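structure16.pdb follows (PDB, C-alpha atoms and all ligand atoms):
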MODEL        1
ATOM      1  CA  MET A  22     -20.615  12.394  12.804
ATOM      2  CA  LYS A  23     -20.178  10.485  16.044
ATOM      3  CA  ILE A  24     -17.770  10.265  18.976
ATOM      4  CA  ILE A  25     -16.005   6.986  19.733
ATOM      5  CA  LYS A  26     -14.208   6.627  23.056
ATOM      6  CA  ILE A  27     -10.728   5.114  22.732
ATOM      7  CA  ASN A  28      -9.933   5.533  26.428
ATOM      8  CA  LYS A  29     -10.756   8.080  29.122
ATOM      9  CA  ASP A  30      -8.436  10.720  27.645
ATOM     10  CA  ILE A  31      -8.624   9.931  23.925
ATOM     11  CA  LYS A  32     -11.732  10.273  21.749
ATOM     12  CA  MET A  33     -12.196   9.702  18.057
ATOM     13  CA  ILE A  34     -14.455  12.040  16.113
ATOM     14  CA  ASP A  35     -15.835  10.055  13.201
ATOM     15  CA  ILE A  36     -16.169  13.112  10.981
ATOM     16  CA  ASN A  37     -18.294  11.981   8.064
ATOM     17  CA  GLY A  38     -19.249   8.447   9.050
ATOM     18  CA  VAL A  39     -17.459   7.081   5.987
ATOM     19  CA  ASP A  40     -13.771   7.587   5.540
ATOM     20  CA  HIS A  41     -11.920   9.827   7.952
ATOM     21  CA  ALA A  42     -11.542  10.797  11.543
ATOM     22  CA  SER A  43     -10.135  13.387  13.899
ATOM     23  CA  PHE A  44      -8.822  12.641  17.410
ATOM     24  CA  PHE A  45      -8.957  14.534  20.668
ATOM     25  CA  ILE A  46      -6.485  13.948  23.504
ATOM     26  CA  GLN A  47      -6.907  15.542  26.907
ATOM     27  CA  GLY A  48      -3.769  16.064  29.011
ATOM     28  CA  GLU A  49      -3.608  17.493  32.521
ATOM     29  CA  LYS A  50      -2.575  20.922  31.222
ATOM     30  CA  LYS A  51      -3.216  21.003  27.485
ATOM     31  CA  ASN A  52      -5.445  19.293  24.975
ATOM     32  CA  ILE A  53      -4.887  18.583  21.308
ATOM     33  CA  LEU A  54      -6.895  17.830  18.208
ATOM     34  CA  ILE A  55      -5.183  15.566  15.672
ATOM     35  CA  GLU A  56      -6.337  15.624  11.992
ATOM     36  CA  SER A  57      -9.209  17.752  10.753
ATOM     37  CA  GLY A  58     -10.903  16.266   7.687
ATOM     38  CA  TYR A  59     -11.522  18.260   4.493
ATOM     39  CA  PRO A  60     -12.106  22.042   4.524
ATOM     40  CA  SER A  61     -15.734  21.333   3.530
ATOM     41  CA  GLU A  62     -16.164  19.213   6.677
ATOM     42  CA  THR A  63     -15.293  21.969   9.133
ATOM     43  CA  GLU A  64     -18.905  22.204  10.363
ATOM     44  CA  LEU A  65     -18.956  18.450  11.080
ATOM     45  CA  LEU A  66     -15.697  18.746  12.991
ATOM     46  CA  LEU A  67     -17.025  21.686  15.029
ATOM     47  CA  ASN A  68     -20.091  19.601  15.764
ATOM     48  CA  GLY A  69     -17.790  16.846  17.029
ATOM     49  CA  ILE A  70     -15.954  19.314  19.287
ATOM     50  CA  LYS A  71     -19.358  20.414  20.619
ATOM     51  CA  GLN A  72     -20.319  16.813  21.329
ATOM     52  CA  LEU A  73     -17.162  16.522  23.414
ATOM     53  CA  GLY A  74     -18.649  19.292  25.536
ATOM     54  CA  LEU A  75     -16.155  21.868  24.223
ATOM     55  CA  THR A  76     -15.950  24.812  21.859
ATOM     56  CA  LEU A  77     -13.177  25.629  19.429
ATOM     57  CA  PHE A  78     -11.876  28.172  21.974
ATOM     58  CA  ASP A  79     -11.209  25.342  24.454
ATOM     59  CA  ILE A  80      -8.773  23.620  22.069
ATOM     60  CA  ASP A  81      -5.082  24.404  22.781
ATOM     61  CA  TYR A  82      -3.236  22.555  20.025
ATOM     62  CA  PHE A  83      -3.900  21.172  16.583
ATOM     63  CA  MET A  84      -1.612  18.770  14.732
ATOM     64  CA  ALA A  85      -1.939  16.939  11.418
ATOM     65  CA  THR A  86       0.124  13.918  10.367
ATOM     66  CA  HIS A  87       0.634  15.672   7.031
ATOM     67  CA  ILE A  88      -0.728  18.563   5.011
ATOM     68  CA  HIS A  89      -3.069  16.711   2.642
ATOM     69  CA  LEU A  90      -6.548  18.210   2.672
ATOM     70  CA  ASP A  91      -8.267  15.257   4.359
ATOM     71  CA  HIS A  92      -5.845  15.613   7.310
ATOM     72  CA  ALA A  93      -5.112  19.335   7.647
ATOM     73  CA  GLY A  94      -7.934  20.825   5.544
ATOM     74  CA  ALA A  95      -9.700  22.716   8.328
ATOM     75  CA  SER A  96      -6.515  23.960  10.060
ATOM     76  CA  GLY A  97      -6.724  27.468   8.532
ATOM     77  CA  TYR A  98     -10.335  27.855   9.579
ATOM     78  CA  LEU A  99      -9.679  26.570  13.124
ATOM     79  CA  ALA A 100      -6.623  28.808  13.562
ATOM     80  CA  SER A 101      -8.284  31.950  12.187
ATOM     81  CA  LYS A 102     -11.272  31.542  14.525
ATOM     82  CA  ASN A 103      -9.199  30.626  17.580
ATOM     83  CA  ARG A 104      -6.148  32.895  17.538
ATOM     84  CA  ASN A 105      -4.681  31.083  20.551
ATOM     85  CA  LEU A 106      -4.627  27.748  18.750
ATOM     86  CA  LYS A 107      -1.090  26.481  18.173
ATOM     87  CA  VAL A 108      -0.719  24.420  14.981
ATOM     88  CA  PHE A 109       1.966  21.700  14.896
ATOM     89  CA  ILE A 110       3.052  20.424  11.509
ATOM     90  CA  HIS A 111       6.106  18.750   9.915
ATOM     91  CA  GLU A 112       8.762  21.402   9.249
ATOM     92  CA  ILE A 113       8.578  20.751   5.481
ATOM     93  CA  GLY A 114       4.815  21.268   5.485
ATOM     94  CA  ALA A 115       4.743  24.464   7.555
ATOM     95  CA  ARG A 116       5.120  26.956   4.705
ATOM     96  CA  HIS A 117       2.240  25.293   2.820
ATOM     97  CA  LEU A 118      -0.136  25.826   5.737
ATOM     98  CA  ILE A 119       0.932  29.468   5.940
ATOM     99  CA  ASN A 120       0.455  29.899   2.203
ATOM    100  CA  PRO A 121      -1.826  27.093   0.956
ATOM    101  CA  GLY A 122      -1.963  28.267  -2.697
ATOM    102  CA  ARG A 123       0.229  25.466  -4.053
ATOM    103  CA  LEU A 124      -1.443  22.912  -1.831
ATOM    104  CA  ASN A 125      -4.903  23.844  -3.118
ATOM    105  CA  GLU A 126      -3.620  23.749  -6.709
ATOM    106  CA  SER A 127      -2.080  20.314  -6.283
ATOM    107  CA  ALA A 128      -5.285  19.057  -4.589
ATOM    108  CA  LYS A 129      -7.281  20.376  -7.548
ATOM    109  CA  ARG A 130      -5.072  18.329  -9.877
ATOM    110  CA  ALA A 131      -5.318  15.200  -7.717
ATOM    111  CA  TYR A 132      -9.048  15.338  -6.918
ATOM    112  CA  LYS A 133     -10.165  16.758 -10.300
ATOM    113  CA  ASN A 134     -13.970  17.170 -10.395
ATOM    114  CA  ARG A 135     -14.273  16.144  -6.725
ATOM    115  CA  PHE A 136     -12.356  19.246  -5.615
ATOM    116  CA  ASP A 137     -15.446  21.469  -5.366
ATOM    117  CA  SER A 138     -16.970  19.213  -2.739
ATOM    118  CA  ILE A 139     -13.676  19.145  -0.788
ATOM    119  CA  GLY A 140     -13.088  22.905  -0.604
ATOM    120  CA  SER A 141      -9.991  25.116  -0.433
ATOM    121  CA  MET A 142      -7.752  25.478   2.597
ATOM    122  CA  LEU A 143      -7.480  28.819   4.359
ATOM    123  CA  PRO A 144      -4.049  30.046   5.485
ATOM    124  CA  VAL A 145      -2.802  29.596   9.053
ATOM    125  CA  SER A 146      -1.103  32.729  10.386
ATOM    126  CA  VAL A 147       2.648  32.347  10.710
ATOM    127  CA  GLU A 148       2.627  33.162  14.461
ATOM    128  CA  GLN A 149       0.366  30.177  15.118
ATOM    129  CA  VAL A 150       2.435  27.582  13.234
ATOM    130  CA  HIS A 151       4.995  25.482  15.097
ATOM    131  CA  PRO A 152       7.203  23.590  12.585
ATOM    132  CA  LEU A 153       8.079  20.183  14.058
ATOM    133  CA  GLN A 154      11.503  18.531  14.078
ATOM    134  CA  ASP A 155      11.925  14.765  13.962
ATOM    135  CA  LEU A 156      11.509  13.162  17.445
ATOM    136  CA  GLU A 157      10.136  16.358  18.955
ATOM    137  CA  GLU A 158       7.913  15.951  22.024
ATOM    138  CA  ILE A 159       4.755  17.827  22.886
ATOM    139  CA  ASP A 160       3.960  17.971  26.578
ATOM    140  CA  LEU A 161       0.254  17.850  27.423
ATOM    141  CA  GLY A 162       0.886  17.567  31.180
ATOM    142  CA  GLY A 163       0.743  13.995  32.529
ATOM    143  CA  ASN A 164       1.102  12.696  28.983
ATOM    144  CA  LYS A 165       3.440  13.397  26.088
ATOM    145  CA  LEU A 166       3.256  12.984  22.353
ATOM    146  CA  GLN A 167       6.350  12.296  20.280
ATOM    147  CA  VAL A 168       6.511  12.735  16.513
ATOM    148  CA  PHE A 169       8.542  10.551  14.147
ATOM    149  CA  PHE A 170       9.125  11.590  10.543
ATOM    150  CA  THR A 171       7.727   8.848   8.312
ATOM    151  CA  PRO A 172       8.052   9.828   4.638
ATOM    152  CA  GLY A 173       6.707   7.552   1.916
ATOM    153  CA  HIS A 174       3.059   8.534   1.558
ATOM    154  CA  ALA A 175       4.267  12.141   1.471
ATOM    155  CA  LYS A 176       7.633  13.688   2.266
ATOM    156  CA  HIS A 177       6.050  15.768   5.032
ATOM    157  CA  HIS A 178       4.384  12.827   6.789
ATOM    158  CA  LEU A 179       4.872  12.042  10.467
ATOM    159  CA  ILE A 180       3.328   9.621  12.926
ATOM    160  CA  ILE A 181       2.442  10.494  16.495
ATOM    161  CA  LEU A 182       3.290   8.294  19.481
ATOM    162  CA  GLU A 183       1.104   8.869  22.521
ATOM    163  CA  LYS A 184       3.407   7.945  25.383
ATOM    164  CA  ASN A 185       1.132   6.873  28.257
ATOM    165  CA  ASN A 186      -0.536   4.064  26.319
ATOM    166  CA  LYS A 187       1.973   3.634  23.449
ATOM    167  CA  ILE A 188      -0.727   4.314  20.896
ATOM    168  CA  ILE A 189       0.439   5.404  17.446
ATOM    169  CA  PHE A 190      -1.608   7.673  15.210
ATOM    170  CA  THR A 191      -0.521   6.403  11.809
ATOM    171  CA  GLY A 192      -1.990   9.013   9.469
ATOM    172  CA  ASP A 193      -1.570   7.336   6.074
ATOM    173  CA  ALA A 194       1.731   5.532   6.799
ATOM    174  CA  MET A 195       0.003   2.158   7.277
ATOM    175  CA  GLY A 196      -2.686   2.542   4.630
ATOM    176  CA  ALA A 197      -6.432   2.678   5.173
ATOM    177  CA  LYS A 198      -8.569   0.354   7.263
ATOM    178  CA  TYR A 199     -12.324   0.578   6.858
ATOM    179  CA  PRO A 200     -14.886  -1.645   8.543
ATOM    180  CA  GLY A 201     -15.543  -4.618   6.280
ATOM    181  CA  VAL A 202     -12.905  -3.616   3.698
ATOM    182  CA  PRO A 203      -9.490  -5.344   3.452
ATOM    183  CA  LEU A 204      -6.635  -3.050   4.482
ATOM    184  CA  TYR A 205      -5.299  -1.129   1.491
ATOM    185  CA  LEU A 206      -2.614   1.382   0.626
ATOM    186  CA  THR A 207      -3.002   5.113   0.114
ATOM    187  CA  ILE A 208      -0.023   6.032  -2.063
ATOM    188  CA  PRO A 209      -0.890   9.181  -4.025
ATOM    189  CA  PRO A 210       1.153  11.598  -6.131
ATOM    190  CA  PRO A 211       3.303  13.647  -6.003
ATOM    191  CA  ASP A 212       5.592  12.255  -3.276
ATOM    192  CA  TYR A 213       4.956   8.509  -2.982
ATOM    193  CA  ASN A 214       8.268   6.697  -2.479
ATOM    194  CA  LYS A 215       8.329   2.958  -1.848
ATOM    195  CA  GLU A 216      11.719   2.702  -0.076
ATOM    196  CA  GLN A 217      10.802   5.478   2.324
ATOM    197  CA  ALA A 218       7.362   3.958   2.927
ATOM    198  CA  LEU A 219       8.915   0.565   3.802
ATOM    199  CA  ASN A 220      11.432   2.197   6.181
ATOM    200  CA  SER A 221       8.586   4.072   7.858
ATOM    201  CA  ILE A 222       6.679   0.811   8.422
ATOM    202  CA  ASP A 223       9.812  -0.746   9.991
ATOM    203  CA  LEU A 224      10.142   2.263  12.277
ATOM    204  CA  ILE A 225       6.517   1.941  13.440
ATOM    205  CA  LYS A 226       7.020  -1.789  14.079
ATOM    206  CA  GLU A 227      10.181  -1.136  16.111
ATOM    207  CA  LEU A 228       8.265   1.276  18.336
ATOM    208  CA  ASP A 229       6.115  -1.759  19.279
ATOM    209  CA  PRO A 230       2.857   0.166  19.770
ATOM    210  CA  SER A 231      -0.037  -1.151  21.848
ATOM    211  CA  SER A 232      -2.349  -0.157  19.032
ATOM    212  CA  LEU A 233      -2.435   1.682  15.756
ATOM    213  CA  ILE A 234      -5.049   4.299  15.114
ATOM    214  CA  PHE A 235      -5.843   4.985  11.479
ATOM    215  CA  THR A 236      -7.133   8.357  10.289
ATOM    216  CA  HIS A 237      -8.956   6.302   7.667
ATOM    217  CA  PHE A 238     -10.316   4.847   9.978
ATOM    218  CA  GLY A 239     -10.353   3.048  13.319
ATOM    219  CA  GLN A 240      -8.065   1.021  15.512
ATOM    220  CA  LEU A 241      -5.963  -2.151  15.382
ATOM    221  CA  ASN A 242      -4.845  -3.544  18.731
ATOM    222  CA  HIS A 243      -1.554  -5.229  19.573
ATOM    223  CA  ASP A 244      -2.754  -8.826  19.148
ATOM    224  CA  MET A 245      -3.954  -8.002  15.620
ATOM    225  CA  LEU A 246      -0.710  -6.292  14.607
ATOM    226  CA  LYS A 247       1.642  -9.277  14.325
ATOM    227  CA  ASN A 248       1.213  -9.786  10.581
ATOM    228  CA  VAL A 249       0.028  -6.333   9.605
ATOM    229  CA  TYR A 250       3.478  -4.816   9.047
ATOM    230  CA  ASP A 251       4.556  -7.511   6.565
ATOM    231  CA  GLU A 252       1.138  -7.478   4.947
ATOM    232  CA  ILE A 253       1.429  -3.753   4.212
ATOM    233  CA  LYS A 254       5.030  -4.042   3.024
ATOM    234  CA  ASN A 255       3.997  -6.804   0.626
ATOM    235  CA  LYS A 256       1.230  -4.594  -0.711
ATOM    236  CA  HIS A 257       3.772  -1.885  -1.580
ATOM    237  CA  GLU A 258       5.847  -4.435  -3.534
ATOM    238  CA  PHE A 259       2.711  -5.794  -5.175
ATOM    239  CA  TRP A 260       1.487  -2.361  -6.323
ATOM    240  CA  CYS A 261       4.878  -1.243  -7.642
ATOM    241  CA  ASN A 262       5.546  -4.546  -9.448
ATOM    242  CA  SER A 263       2.038  -4.718 -10.897
ATOM    243  CA  ILE A 264       2.000  -1.155 -12.239
ATOM    244  CA  ARG A 265       5.549  -1.548 -13.587
ATOM    245  CA  MET A 266       4.591  -4.701 -15.482
ATOM    246  CA  ILE A 267       1.364  -3.161 -16.818
ATOM    247  CA  LEU A 268       3.210  -0.064 -18.095
ATOM    248  CA  GLU A 269       6.101  -2.069 -19.545
ATOM    249  CA  GLU A 270       3.669  -4.212 -21.488
ATOM    250  CA  ASN A 271       1.691  -1.261 -22.793
ATOM    251  CA  PRO A 272       3.164   2.212 -22.157
ATOM    252  CA  ASN A 273       0.099   3.878 -23.735
ATOM    253  CA  ILE A 274      -2.498   2.080 -21.640
ATOM    254  CA  SER A 275      -5.294   4.320 -20.284
ATOM    255  CA  LYS A 276      -5.718   5.079 -16.579
ATOM    256  CA  GLU A 277      -9.197   3.523 -16.738
ATOM    257  CA  LYS A 278      -7.777   0.249 -18.004
ATOM    258  CA  ILE A 279      -5.099   0.179 -15.274
ATOM    259  CA  LEU A 280      -7.829   0.766 -12.692
ATOM    260  CA  GLU A 281      -9.832  -2.137 -14.092
ATOM    261  CA  ILE A 282      -6.785  -4.433 -13.915
ATOM    262  CA  MET A 283      -5.836  -3.396 -10.370
ATOM    263  CA  LEU A 284      -9.390  -3.796  -9.063
ATOM    264  CA  LYS A 285      -9.466  -7.277 -10.583
ATOM    265  CA  LYS A 286      -5.956  -8.228  -9.361
ATOM    266  CA  THR A 287      -6.740  -7.217  -5.777
ATOM    267  CA  SER A 288     -10.337  -8.542  -6.072
ATOM    268  CA  ILE A 289     -11.142  -5.846  -3.522
ATOM    269  CA  LEU A 290     -14.637  -5.062  -4.783
ATOM    270  CA  ASN A 291     -15.631  -8.747  -4.679
ATOM    271  CA  SER A 292     -14.622  -8.882  -1.028
ATOM    272  CA  LEU A 293     -17.156  -6.187  -0.097
ATOM    273  CA  SER A 294     -20.534  -7.222   1.245
ATOM    274  CA  ASN A 295     -23.619  -5.529  -0.213
ATOM    275  CA  GLU A 296     -23.710  -3.146   2.719
ATOM    276  CA  THR A 297     -20.016  -2.124   2.671
ATOM    277  CA  ARG A 298     -20.070  -1.976  -1.132
ATOM    278  CA  LYS A 299     -22.686   0.784  -1.022
ATOM    279  CA  ILE A 300     -20.503   2.863   1.278
ATOM    280  CA  TYR A 301     -16.975   1.995   0.182
ATOM    281  CA  GLU A 302     -17.018   1.202  -3.538
ATOM    282  CA  GLN A 303     -16.488   4.812  -4.620
ATOM    283  CA  VAL A 304     -14.018   5.509  -1.781
ATOM    284  CA  THR A 305     -11.966   2.509  -2.922
ATOM    285  CA  ILE A 306     -12.064   3.509  -6.590
ATOM    286  CA  ASN A 307     -11.027   7.084  -5.747
ATOM    287  CA  SER A 308      -8.090   5.779  -3.685
ATOM    288  CA  PHE A 309      -7.030   3.308  -6.366
ATOM    289  CA  ASN A 310      -7.021   6.083  -8.991
ATOM    290  CA  LEU A 311      -4.710   8.158  -6.807
ATOM    291  CA  ASN A 312      -2.533   5.107  -6.086
ATOM    292  CA  ILE A 313      -2.105   4.385  -9.794
ATOM    293  CA  GLU A 314      -0.954   7.965 -10.390
ATOM    294  CA  GLY A 315       1.254   7.902  -7.300
ATOM    295  CA  VAL A 316       3.025   4.673  -8.249
ATOM    296  CA  SER A 317       3.383   5.604 -11.952
ATOM    297  CA  ARG A 318       5.000   8.878 -10.979
ATOM    298  CA  TYR A 319       7.324   7.173  -8.459
ATOM    299  CA  LEU A 320       8.433   4.594 -11.059
ATOM    300  CA  LYS A 321       9.127   7.256 -13.688
ATOM    301  CA  LYS A 322      10.893   9.619 -11.299
ATOM    302  CA  ASN A 323      13.235   6.825 -10.201
ATOM    303  CA  ASN A 324      13.832   5.454 -13.715
ATOM    304  CA  LEU A 325      12.242   2.125 -12.776
ATOM    305  CA  ILE A 326      10.293   2.020 -16.044
TER
HETATM  306 ZN    ZN A 401      -2.367  11.868   2.595
ENDMDL
END
Show the structure stored in the file as structure tokens.
Ligand SMILES: [Zn+2]
Amino acid sequence: MKIIKINKDIKMIDINGVDHASFFIQGEKKNILIESGYPSETELLLNGIKQLGLTLFDIDYFMATHIHLDHAGASGYLASKNRNLKVFIHEIGARHLINPGRLNESAKRAYKNRFDSIGSMLPVSVEQVHPLQDLEEIDLGGNKLQVFFTPGHAKHHLIILEKNNKIIFTGDAMGAKYPGVPLYLTIPPPDYNKEQALNSIDLIKELDPSSLIFTHFGQLNHDMLKNVYDEIKNKHEFWCNSIRMILEENPNISKEKILEIMLKKTSILNSLSNETRKIYEQVTINSFNLNIEGVSRYLKKNNLI
């Protein structure tokens, strides 16, 4: 766990040093924590808050870009310890934070034997949840955040525009960006929808941000963004076309075989150096497995195969 300064008011908490982050923004009146990591990483997050010179009781607001466990996992714990904490979440996701039973079940299905190390979400009390509408603004005093609904990765996904610097917190809408690993998509079941994902990328581009901040993991500044939007859109087409062709050729093909083909097609593992391979090989394989399930489900649901 370490703290990375983005600017004087915005800090990134690198939660586990591998694959996801939380962000802290200080306004003149209120502060906010964005994204929380997995339930099992709550201690690391609290450690990060401590390194900022704060305690959980100093945090006014929490918001997650969506309710998946690597983004909102610790929200129940944070809210039950700090009863004054206000939790902002997409209006579709709100009821799942209040009653996380279905969310935990669906995470168990998605993460399979990894679920035990991820942990279950605790409920957030209904009085503490603020369901967000599209385009809603959150006033921190001297700075505002605005949320934009960006379905595609999940139907309850939103991105957060920080107004003073025009920084966008992308959640999973623009994929994952790890040091030394080519940018790749995170398109899991059950909600992945290509058309929505492409529209969400267009929306982010139109907002013309000064930089994008990825929950997984780090920052891309304006001069690096020119080609990124098209690159990501092409990756969506590539994944959907590839999986469609693989399944059309052999409808009974195993998940393991599809993984092997997709790793080869993207040659992602070959592009890793020895050092990054040690850290990111398993992270990449886990993501690819979820992507394969996400895309297969999307294609079937929309009668595309
Ligand atoms: Zn997600």
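The space between atom CA of Gly97 of chain A and atom CA of Ser146 of chain A spans 7.9 Å.
Closest to Asn220 of chain A among A:Ile189, A:Gly315, A:Thr171, A:Phe259 is A:Thr171, based on only C-alpha atoms.
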Could you make a table, as JSON lines, of the residues of chain A that have an atom within 9 Å of an atom of ligand ZN 401 (chain A), each with its nearest atom pair and distance in Å to one decimal, counting only C-alpha atoms and all ligand atoms, in chain and number order?
{"residue": "A:Thr86", "atom": "CA", "partner": "A:ZN401", "partner_atom": "ZN", "distance": 8.4}
{"residue": "A:His87", "atom": "CA", "partner": "A:ZN401", "partner_atom": "ZN", "distance": 6.6}
{"residue": "A:Ile88", "atom": "CA", "partner": "A:ZN401", "partner_atom": "ZN", "distance": 7.3}
{"residue": "A:His89", "atom": "CA", "partner": "A:ZN401", "partner_atom": "ZN", "distance": 4.9}
{"residue": "A:Leu90", "atom": "CA", "partner": "A:ZN401", "partner_atom": "ZN", "distance": 7.6}
{"residue": "A:Asp91", "atom": "CA", "partner": "A:ZN401", "partner_atom": "ZN", "distance": 7.0}
{"residue": "A:His92", "atom": "CA", "partner": "A:ZN401", "partner_atom": "ZN", "distance": 7.0}
{"residue": "A:His174", "atom": "CA", "partner": "A:ZN401", "partner_atom": "ZN", "distance": 6.5}
{"residue": "A:Ala175", "atom": "CA", "partner": "A:ZN401", "partner_atom": "ZN", "distance": 6.7}
{"residue": "A:His178", "atom": "CA", "partner": "A:ZN401", "partner_atom": "ZN", "distance": 8.0}
{"residue": "A:Gly192", "atom": "CA", "partner": "A:ZN401", "partner_atom": "ZN", "distance": 7.5}
{"residue": "A:Asp193", "atom": "CA", "partner": "A:ZN401", "partner_atom": "ZN", "distance": 5.8}
{"residue": "A:Ala194", "atom": "CA", "partner": "A:ZN401", "partner_atom": "ZN", "distance": 8.6}
{"residue": "A:Thr207", "atom": "CA", "partner": "A:ZN401", "partner_atom": "ZN", "distance": 7.2}
{"residue": "A:Ile208", "atom": "CA", "partner": "A:ZN401", "partner_atom": "ZN", "distance": 7.8}
{"residue": "A:Pro209", "atom": "CA", "partner": "A:ZN401", "partner_atom": "ZN", "distance": 7.3}
### Task
Output the residue selection produced by the PyMOL selection byres (((chain A and resi 36) around 8) and not hetatm) on the file above, formatted as an MDAnalysis selection string.
chainID A and resid 22:23 34:35 37:39 41:43 58 62 65:66 69
### Query
Residues picked by the PyMOL selection byres (((chain A and resi 55) around 6) and not hetatm) here, as an MDAnalysis selection string?
chainID A and resid 43:44 54 56 83:85
### Message
For segment 238-252 of chain A, find every residue with an atom within 9 Å (counting only C-alpha atoms), except residues of its own chain fewer than 6 positions away, and show them as a list of chain:residue names.
### Response
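The residues satisfying every condition are A:Ile27, A:Met33, A:Asp35, A:Val39, A:Asp40, A:His41, A:Ala42, A:Met195, A:Ala197, A:Lys198, A:Tyr199, A:Pro200, A:Leu204, A:Ile222, A:Asp223, A:Ile225, A:Lys226, A:Asp229, A:Pro230, A:Ser231, A:Ser232.
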Residues of the last selection are to be written out with C-alpha atoms, as a PDB file, in the frame of the given file.
ATOM      1  CA  ILE A  27     -10.728   5.114  22.732  1.00  0.00           C
ATOM      2  CA  MET A  33     -12.196   9.702  18.057  1.00  0.00           C
ATOM      3  CA  ASP A  35     -15.835  10.055  13.201  1.00  0.00           C
ATOM      4  CA  VAL A  39     -17.459   7.081   5.987  1.00  0.00           C
ATOM      5  CA  ASP A  40     -13.771   7.587   5.540  1.00  0.00           C
ATOM      6  CA  HIS A  41     -11.920   9.827   7.952  1.00  0.00           C
ATOM      7  CA  ALA A  42     -11.542  10.797  11.543  1.00  0.00           C
ATOM      8  CA  MET A 195       0.003   2.158   7.277  1.00  0.00           C
ATOM      9  CA  ALA A 197      -6.432   2.678   5.173  1.00  0.00           C
ATOM     10  CA  LYS A 198      -8.569   0.354   7.263  1.00  0.00           C
ATOM     11  CA  TYR A 199     -12.324   0.578   6.858  1.00  0.00           C
ATOM     12  CA  PRO A 200     -14.886  -1.645   8.543  1.00  0.00           C
ATOM     13  CA  LEU A 204      -6.635  -3.050   4.482  1.00  0.00           C
ATOM     14  CA  ILE A 222       6.679   0.811   8.422  1.00  0.00           C
ATOM     15  CA  ASP A 223       9.812  -0.746   9.991  1.00  0.00           C
ATOM     16  CA  ILE A 225       6.517   1.941  13.440  1.00  0.00           C
ATOM     17  CA  LYS A 226       7.020  -1.789  14.079  1.00  0.00           C
ATOM     18  CA  ASP A 229       6.115  -1.759  19.279  1.00  0.00           C
ATOM     19  CA  PRO A 230       2.857   0.166  19.770  1.00  0.00           C
ATOM     20  CA  SER A 231      -0.037  -1.151  21.848  1.00  0.00           C
ATOM     21  CA  SER A 232      -2.349  -0.157  19.032  1.00  0.00           C
TER      22      SER A 232
END
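The coordinates place atom CA of Lys254 of chain A at 22.0 Å from atom CA of Lys187 of chain A.
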### Message
Selection in question (the file shown): the PyMOL selection byres (((chain A and resi 98) around 12) and not hetatm). Which residues does it include, as a ChimeraX atom specification?
### Response
/A:57-64,66-67,77,83,93-97,99-104,106,108,118-119,140-146
### Selected residue of minimal separation from Lys321 of chain A among A:Ser127, A:Ser294, A:Ser308, A:Asn214, counting all atoms listed in the file
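With all atoms listed in the file as the atom set, the closest residue is A:Asn214.
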